[in-house]
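Participant: Next up is a structure, given as structure tokens.
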Amino acid sequence: MLIGLAMPPGFTISVQSSGLVAGVLPLSGVLPSSSLSKAHSSVLLLRRKCGFRVDSGLKDDLVLGDPNAPRLVLWGGRLRPVPASPLDLPFFDLMSFGGKLRAGFGAIGLRPPPPGREESVEDFVRRNLGDEVFERLIEPFCSGVYAGNPAKLSMKAAFGKVWKLEQNGGSIIGGTFKAIQERRKNPPPPRDPRLPKPKGQTVGSFRKGLSMLPNAISKRLGERVKTSWKLLSIRSLNGRGYILSYETPNGPTSLQTKSVILTVPSYVASGILHPLSVAAADALSKFYYPPVAAVTLSYPDAAIKKECLIDGELKGFGQLHPRSQGVETLGTIYSSSLFPGRAPPGRVLLLNYIGGVTNTGILSKSEGELVETVNRDLKKMLIRQDAKDPLVVGVRVWPQAIPQFMIGHLDHLEAAKAALREDGFHGLFLGGNYVSGVALGRCVEGAYEGAAEISSYLARYARV
């Protein structure tokens, strides 16, 4: 739907979703005093990515987290703050003095050279910044963002901006200075005055949760959005467009279109495209999506351990848990600390993620067992041992959740795109989080990039 919203005026668009609602978002919750509205609670928000909130009519409903709220990592049985700025580096206790020195020397280029092959996230970080940065910062970050295994994730594909720093500047610091100089030479376009002005990188949501986003976009697009339409096949008209066949609540139907962008998961796109291009389908079938569960729990304020409180309250973005620290839960977002109205007075709302590449066994657990596991983990870190069982706000399991940007990912993606071009399927595009990136901010950027690509193609099509 974001691509439909991003398309410039003058194009006829149609958006189809096989779901009952347009747009699928992870589950957490908004816990008012008397009712529950299920919705995801947070998304990484960068300044340049706010435009779609204006386009979707949600500017006044946007709520932002405190950029200075602490982020925490479990290490050695304690939740320890992550440095919020370079000024914090000498003082935080998540890393040893030797580990900090190793990271500093590596960042300026005193480290082994690149190996001349595609590196995993683990190899890149250990080589550039040392073991402690990897084990205590990057490994839990990979678990929290990708639910992945950093020994298999591609640095170039998963964290391309950081990878480019070393490529362009000879080291991470060198690349950073070079990027700053380039930005000064070629400043970004003027900021849209309608956009909110966060004071730094933070997280954002909407007053009633992220479910407001697909609902608002769907309302803005109106009857052009069709739900419960399942795409069965695509038939090429030999350079004159495509026929799309659907199964709908009112029976089979077909649409003719000049261009198509598939934003379904890669494994769904693979099945749809197999009759058209075996090579493209095979390439798309190589991406792996591990299972992930979101478990949203509410506790009374008194259940929080005293040592975890700041000024008598639970404050912060949340916490991440390295796989080496003996807990199954990947991480916990402090939903009610970040945004207003998420829980009534006297209670906290915690969104917990569990599963991923290293814990696919969650698929064999019941909802009750997942809640029990998360509650047990939280009592090792955040919640008092004598606390009563939490209020279960929601449990959602995705058997195939987050695409893994593993070594070879970009090659497989380019192979799929090249196969479509070589087989003559012009105007048939690939989109979605396995193309743009898994963070919602990147999906937003990818939608605008996809809209620009489609509009450019259609402009050329009109001249033929």
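Residues are named by chain letter and number: chains run A, B, ... in the order of the structure tokens, numbers start at 1 in each chain, and ligands are numbered from 1 in the order shown.
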Quick check for you: according to DSSP on this backbone, which residues of stretch 26-210 of chain A are classed as alpha helix (DSSP H)? Reply as an mmCIF file with C-alpha atoms, in the first residue's frame.

Facilitator:
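Dumped everything to part.cif:
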```cif
data_model
loop_
_atom_site.group_PDB
_atom_site.id
_atom_site.type_symbol
_atom_site.label_atom_id
_atom_site.label_comp_id
_atom_site.auth_asym_id
_atom_site.auth_seq_id
_atom_site.Cartn_x
_atom_site.Cartn_y
_atom_site.Cartn_z
ATOM 1 C CA GLY A 51 7.195 12.065 5.029
ATOM 2 C CA PHE A 52 4.841 9.133 4.637
ATOM 3 C CA ARG A 53 3.218 10.026 7.956
ATOM 4 C CA VAL A 54 2.198 13.328 6.386
ATOM 5 C CA ASP A 55 1.146 11.619 3.149
ATOM 6 C CA PHE A 97 38.963 -1.026 28.968
ATOM 7 C CA GLY A 98 40.889 -3.358 26.692
ATOM 8 C CA GLY A 99 37.790 -3.988 24.592
ATOM 9 C CA LYS A 100 37.255 -0.251 24.161
ATOM 10 C CA LEU A 101 40.862 0.250 23.079
ATOM 11 C CA ARG A 102 40.600 -2.583 20.553
ATOM 12 C CA ALA A 103 37.436 -1.048 19.111
ATOM 13 C CA GLY A 104 38.988 2.406 18.886
ATOM 14 C CA PHE A 105 42.156 1.233 17.152
ATOM 15 C CA GLY A 106 40.157 -0.906 14.750
ATOM 16 C CA ALA A 107 37.784 1.937 13.893
ATOM 17 C CA VAL A 121 28.477 -9.633 10.147
ATOM 18 C CA GLU A 122 30.465 -11.567 12.766
ATOM 19 C CA ASP A 123 33.652 -11.662 10.667
ATOM 20 C CA PHE A 124 33.434 -7.968 9.770
ATOM 21 C CA VAL A 125 32.826 -6.774 13.325
ATOM 22 C CA ARG A 126 35.403 -9.011 14.991
ATOM 23 C CA ARG A 127 37.985 -7.911 12.414
ATOM 24 C CA ASN A 128 37.224 -4.185 12.636
ATOM 25 C CA LEU A 129 36.102 -3.649 16.223
ATOM 26 C CA ASP A 131 35.395 -9.581 20.039
ATOM 27 C CA GLU A 132 33.735 -7.549 22.798
ATOM 28 C CA VAL A 133 31.903 -5.200 20.429
ATOM 29 C CA GLU A 139 25.279 -10.022 18.284
ATOM 30 C CA PRO A 140 22.285 -8.987 20.434
ATOM 31 C CA PHE A 141 21.462 -6.237 17.922
ATOM 32 C CA CYS A 142 21.355 -8.808 15.102
ATOM 33 C CA SER A 143 19.107 -10.993 17.241
ATOM 34 C CA GLY A 144 16.810 -8.060 17.968
ATOM 35 C CA VAL A 145 16.558 -6.725 14.399
ATOM 36 C CA TYR A 146 16.845 -9.828 12.212
ATOM 37 C CA MET A 155 27.553 -7.455 6.365
ATOM 38 C CA LYS A 156 27.178 -5.961 2.895
ATOM 39 C CA ALA A 157 23.508 -6.934 2.594
ATOM 40 C CA ALA A 158 22.332 -6.492 6.185
ATOM 41 C CA GLY A 160 25.379 -1.965 3.881
ATOM 42 C CA LYS A 161 25.896 1.614 5.074
ATOM 43 C CA VAL A 162 28.487 0.550 7.654
ATOM 44 C CA TRP A 163 30.116 -1.838 5.171
ATOM 45 C CA LYS A 164 30.487 1.036 2.688
ATOM 46 C CA LEU A 165 32.312 3.172 5.259
ATOM 47 C CA GLU A 166 35.311 0.838 5.201
ATOM 48 C CA GLN A 167 35.083 0.424 1.436
ATOM 49 C CA ASN A 168 35.014 4.161 0.760
ATOM 50 C CA GLY A 169 37.328 5.458 3.484
ATOM 51 C CA ILE A 172 35.082 2.956 9.618
ATOM 52 C CA ILE A 173 36.242 6.352 10.901
ATOM 53 C CA GLY A 174 37.799 7.263 7.557
ATOM 54 C CA GLY A 175 34.573 6.414 5.772
ATOM 55 C CA THR A 176 32.565 8.430 8.271
ATOM 56 C CA PHE A 177 34.643 11.561 7.648
ATOM 57 C CA LYS A 178 34.357 11.013 3.915
ATOM 58 C CA ALA A 179 30.561 10.649 4.174
ATOM 59 C CA ILE A 180 30.349 13.898 6.174
ATOM 60 C CA GLN A 181 32.401 15.726 3.546
ATOM 61 C CA GLU A 182 30.225 14.328 0.763
ATOM 62 C CA ARG A 183 27.098 15.405 2.591
ATOM 63 C CA ARG A 184 28.453 18.947 2.885
ATOM 64 C CA LYS A 185 29.220 19.038 -0.835
#
```

Participant: Would you mind writing down, as a PyMOL selection string, each residue of stretch 49-239 of chain A that DSSP on the backbone assigns to strand (DSSP E or B)?

Facilitator: chain A and resi 62-64+71-75+78-81+120+153-154+202-206+225-227+230-236

Participant: Can you pull out every residue within 12 Å of stretch 148-152 of chain A, counting only C-alpha atoms, but drop anything in the same chain fewer than 6 positions away, and send it as a VMD selection string?

Facilitator: chain A and resid 118 to 126 134 to 135 137 to 142 158 to 159 288 to 292 322 to 323 330 354 to 360 401 to 409 438

Participant: May I have the residues within 9 Å of A:Gly437 as a list in words, using only C-alpha atoms and disregarding those fewer than 2 positions away in the same chain?

Facilitator: Ala157, Ala158, Pro403, Phe405, Gly432, Asn433, Tyr434, Val435, Ala439, Leu440, Gly441, Arg442, Cys443 and Gly446 of chain A

Participant: Pull C-alpha atoms from the residues just selected and write them as a short mmCIF file (atom, residue, chain, number, x, y, z; two decimals), in the first residue's frame.

Facilitator:
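Dumped to again-v6.cif:
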```
data_model
loop_
_atom_site.label_atom_id
_atom_site.label_comp_id
_atom_site.auth_asym_id
_atom_site.auth_seq_id
_atom_site.Cartn_x
_atom_site.Cartn_y
_atom_site.Cartn_z
CA ALA A 157 23.51 -6.93 2.59
CA ALA A 158 22.33 -6.49 6.19
CA PRO A 403 13.93 -12.58 5.67
CA PHE A 405 20.05 -11.21 4.53
CA GLY A 432 9.03 -5.87 -0.01
CA ASN A 433 11.35 -6.23 2.95
CA TYR A 434 13.60 -8.88 1.39
CA VAL A 435 14.42 -6.23 -1.26
CA ALA A 439 13.15 -2.23 9.24
CA LEU A 440 9.90 -0.37 8.60
CA GLY A 441 11.89 2.78 7.83
CA ARG A 442 13.67 0.96 5.00
CA CYS A 443 10.36 -0.48 3.78
CA GLY A 446 11.78 1.13 -0.57
#
```

Participant: Give me, as an MDAnalysis selection string, all polymer residues having an atom no more than 12 Å from A:Lys379, counting only C-alpha atoms and skipping those fewer than 3 positions away in the same chain.

Facilitator: chainID A and resid 77:78 299 303:305 308 327 329 372:376 382:390

Participant: For A:Phe287, which residue out of A:Glu453, A:Glu307, A:Glu422, A:Asp411 is the nearest one, using only C-alpha atoms?

Facilitator: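 Among the listed residues, A:Asp411 lies closest to A:Phe287.
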
Participant: To one decimal place, how far is atom CA of A:Phe429 from atom CA of A:Gly57 in Å?

Facilitator: 27.4 Å

Participant: Using only C-alpha atoms for the distances, tell me which of A:Leu94, A:Val392, A:Ala147, A:Ile234 is nearest to A:Arg71.

Facilitator: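 Of A:Leu94, A:Val392, A:Ala147, A:Ile234, the one nearest A:Arg71 is A:Leu94, counting only C-alpha atoms.
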
Participant: As an exercise, work out the distance from atom CA of A:Leu58 to atom CA of A:Ile3 in Å and give it to one decimal place.

Facilitator: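 We find that atom CA of A:Leu58 and atom CA of A:Ile3 lie 16.8 Å from each other.
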
Participant: Give me the residues within 8 Å of A:Leu430 as an MDAnalysis selection string, counting only C-alpha atoms and dropping any in the same chain fewer than 4 places off.

Facilitator: chainID A and resid 261:263 417 435

Participant: Write a file of the just-selected residues containing all heavy atoms, as a PDB file, in the first residue's frame.

Facilitator:
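Generated output (result-v6.pdb):
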```pdb
ATOM      1  N   ILE A 261       4.043  -4.769  -9.341  1.00  0.00           N
ATOM      2  CA  ILE A 261       5.105  -4.919  -8.351  1.00  0.00           C
ATOM      3  C   ILE A 261       4.612  -5.886  -7.293  1.00  0.00           C
ATOM      4  O   ILE A 261       3.535  -5.707  -6.716  1.00  0.00           O
ATOM      5  CB  ILE A 261       5.547  -3.576  -7.730  1.00  0.00           C
ATOM      6  CG1 ILE A 261       6.704  -3.822  -6.754  1.00  0.00           C
ATOM      7  CG2 ILE A 261       4.399  -2.828  -7.088  1.00  0.00           C
ATOM      8  CD1 ILE A 261       7.476  -2.565  -6.386  1.00  0.00           C
ATOM      9  N   LEU A 262       5.383  -6.945  -7.074  1.00  0.00           N
ATOM     10  CA  LEU A 262       5.042  -7.974  -6.093  1.00  0.00           C
ATOM     11  C   LEU A 262       5.739  -7.635  -4.785  1.00  0.00           C
ATOM     12  O   LEU A 262       6.968  -7.663  -4.707  1.00  0.00           O
ATOM     13  CB  LEU A 262       5.497  -9.349  -6.579  1.00  0.00           C
ATOM     14  CG  LEU A 262       4.780  -9.942  -7.795  1.00  0.00           C
ATOM     15  CD1 LEU A 262       5.471 -11.226  -8.230  1.00  0.00           C
ATOM     16  CD2 LEU A 262       3.319 -10.203  -7.489  1.00  0.00           C
ATOM     17  N   THR A 263       4.975  -7.340  -3.746  1.00  0.00           N
ATOM     18  CA  THR A 263       5.560  -7.046  -2.437  1.00  0.00           C
ATOM     19  C   THR A 263       5.246  -8.149  -1.432  1.00  0.00           C
ATOM     20  O   THR A 263       5.350  -7.946  -0.227  1.00  0.00           O
ATOM     21  CB  THR A 263       5.059  -5.690  -1.899  1.00  0.00           C
ATOM     22  OG1 THR A 263       3.633  -5.709  -1.810  1.00  0.00           O
ATOM     23  CG2 THR A 263       5.489  -4.563  -2.813  1.00  0.00           C
ATOM     24  N   LYS A 417      16.070 -10.591 -10.424  1.00  0.00           N
ATOM     25  CA  LYS A 417      15.724  -9.434 -11.249  1.00  0.00           C
ATOM     26  C   LYS A 417      16.251  -9.597 -12.667  1.00  0.00           C
ATOM     27  O   LYS A 417      15.555  -9.281 -13.651  1.00  0.00           O
ATOM     28  CB  LYS A 417      16.295  -8.161 -10.620  1.00  0.00           C
ATOM     29  CG  LYS A 417      15.643  -7.764  -9.305  1.00  0.00           C
ATOM     30  CD  LYS A 417      16.280  -6.494  -8.752  1.00  0.00           C
ATOM     31  CE  LYS A 417      15.610  -6.017  -7.476  1.00  0.00           C
ATOM     32  NZ  LYS A 417      16.215  -4.775  -6.929  1.00  0.00           N
ATOM     33  N   VAL A 435      13.763  -7.076  -0.259  1.00  0.00           N
ATOM     34  CA  VAL A 435      14.421  -6.231  -1.261  1.00  0.00           C
ATOM     35  C   VAL A 435      14.999  -4.978  -0.609  1.00  0.00           C
ATOM     36  O   VAL A 435      16.178  -4.657  -0.778  1.00  0.00           O
ATOM     37  CB  VAL A 435      13.434  -5.831  -2.382  1.00  0.00           C
ATOM     38  CG1 VAL A 435      14.107  -4.887  -3.371  1.00  0.00           C
ATOM     39  CG2 VAL A 435      12.914  -7.064  -3.096  1.00  0.00           C
TER      40      VAL A 435
END
```
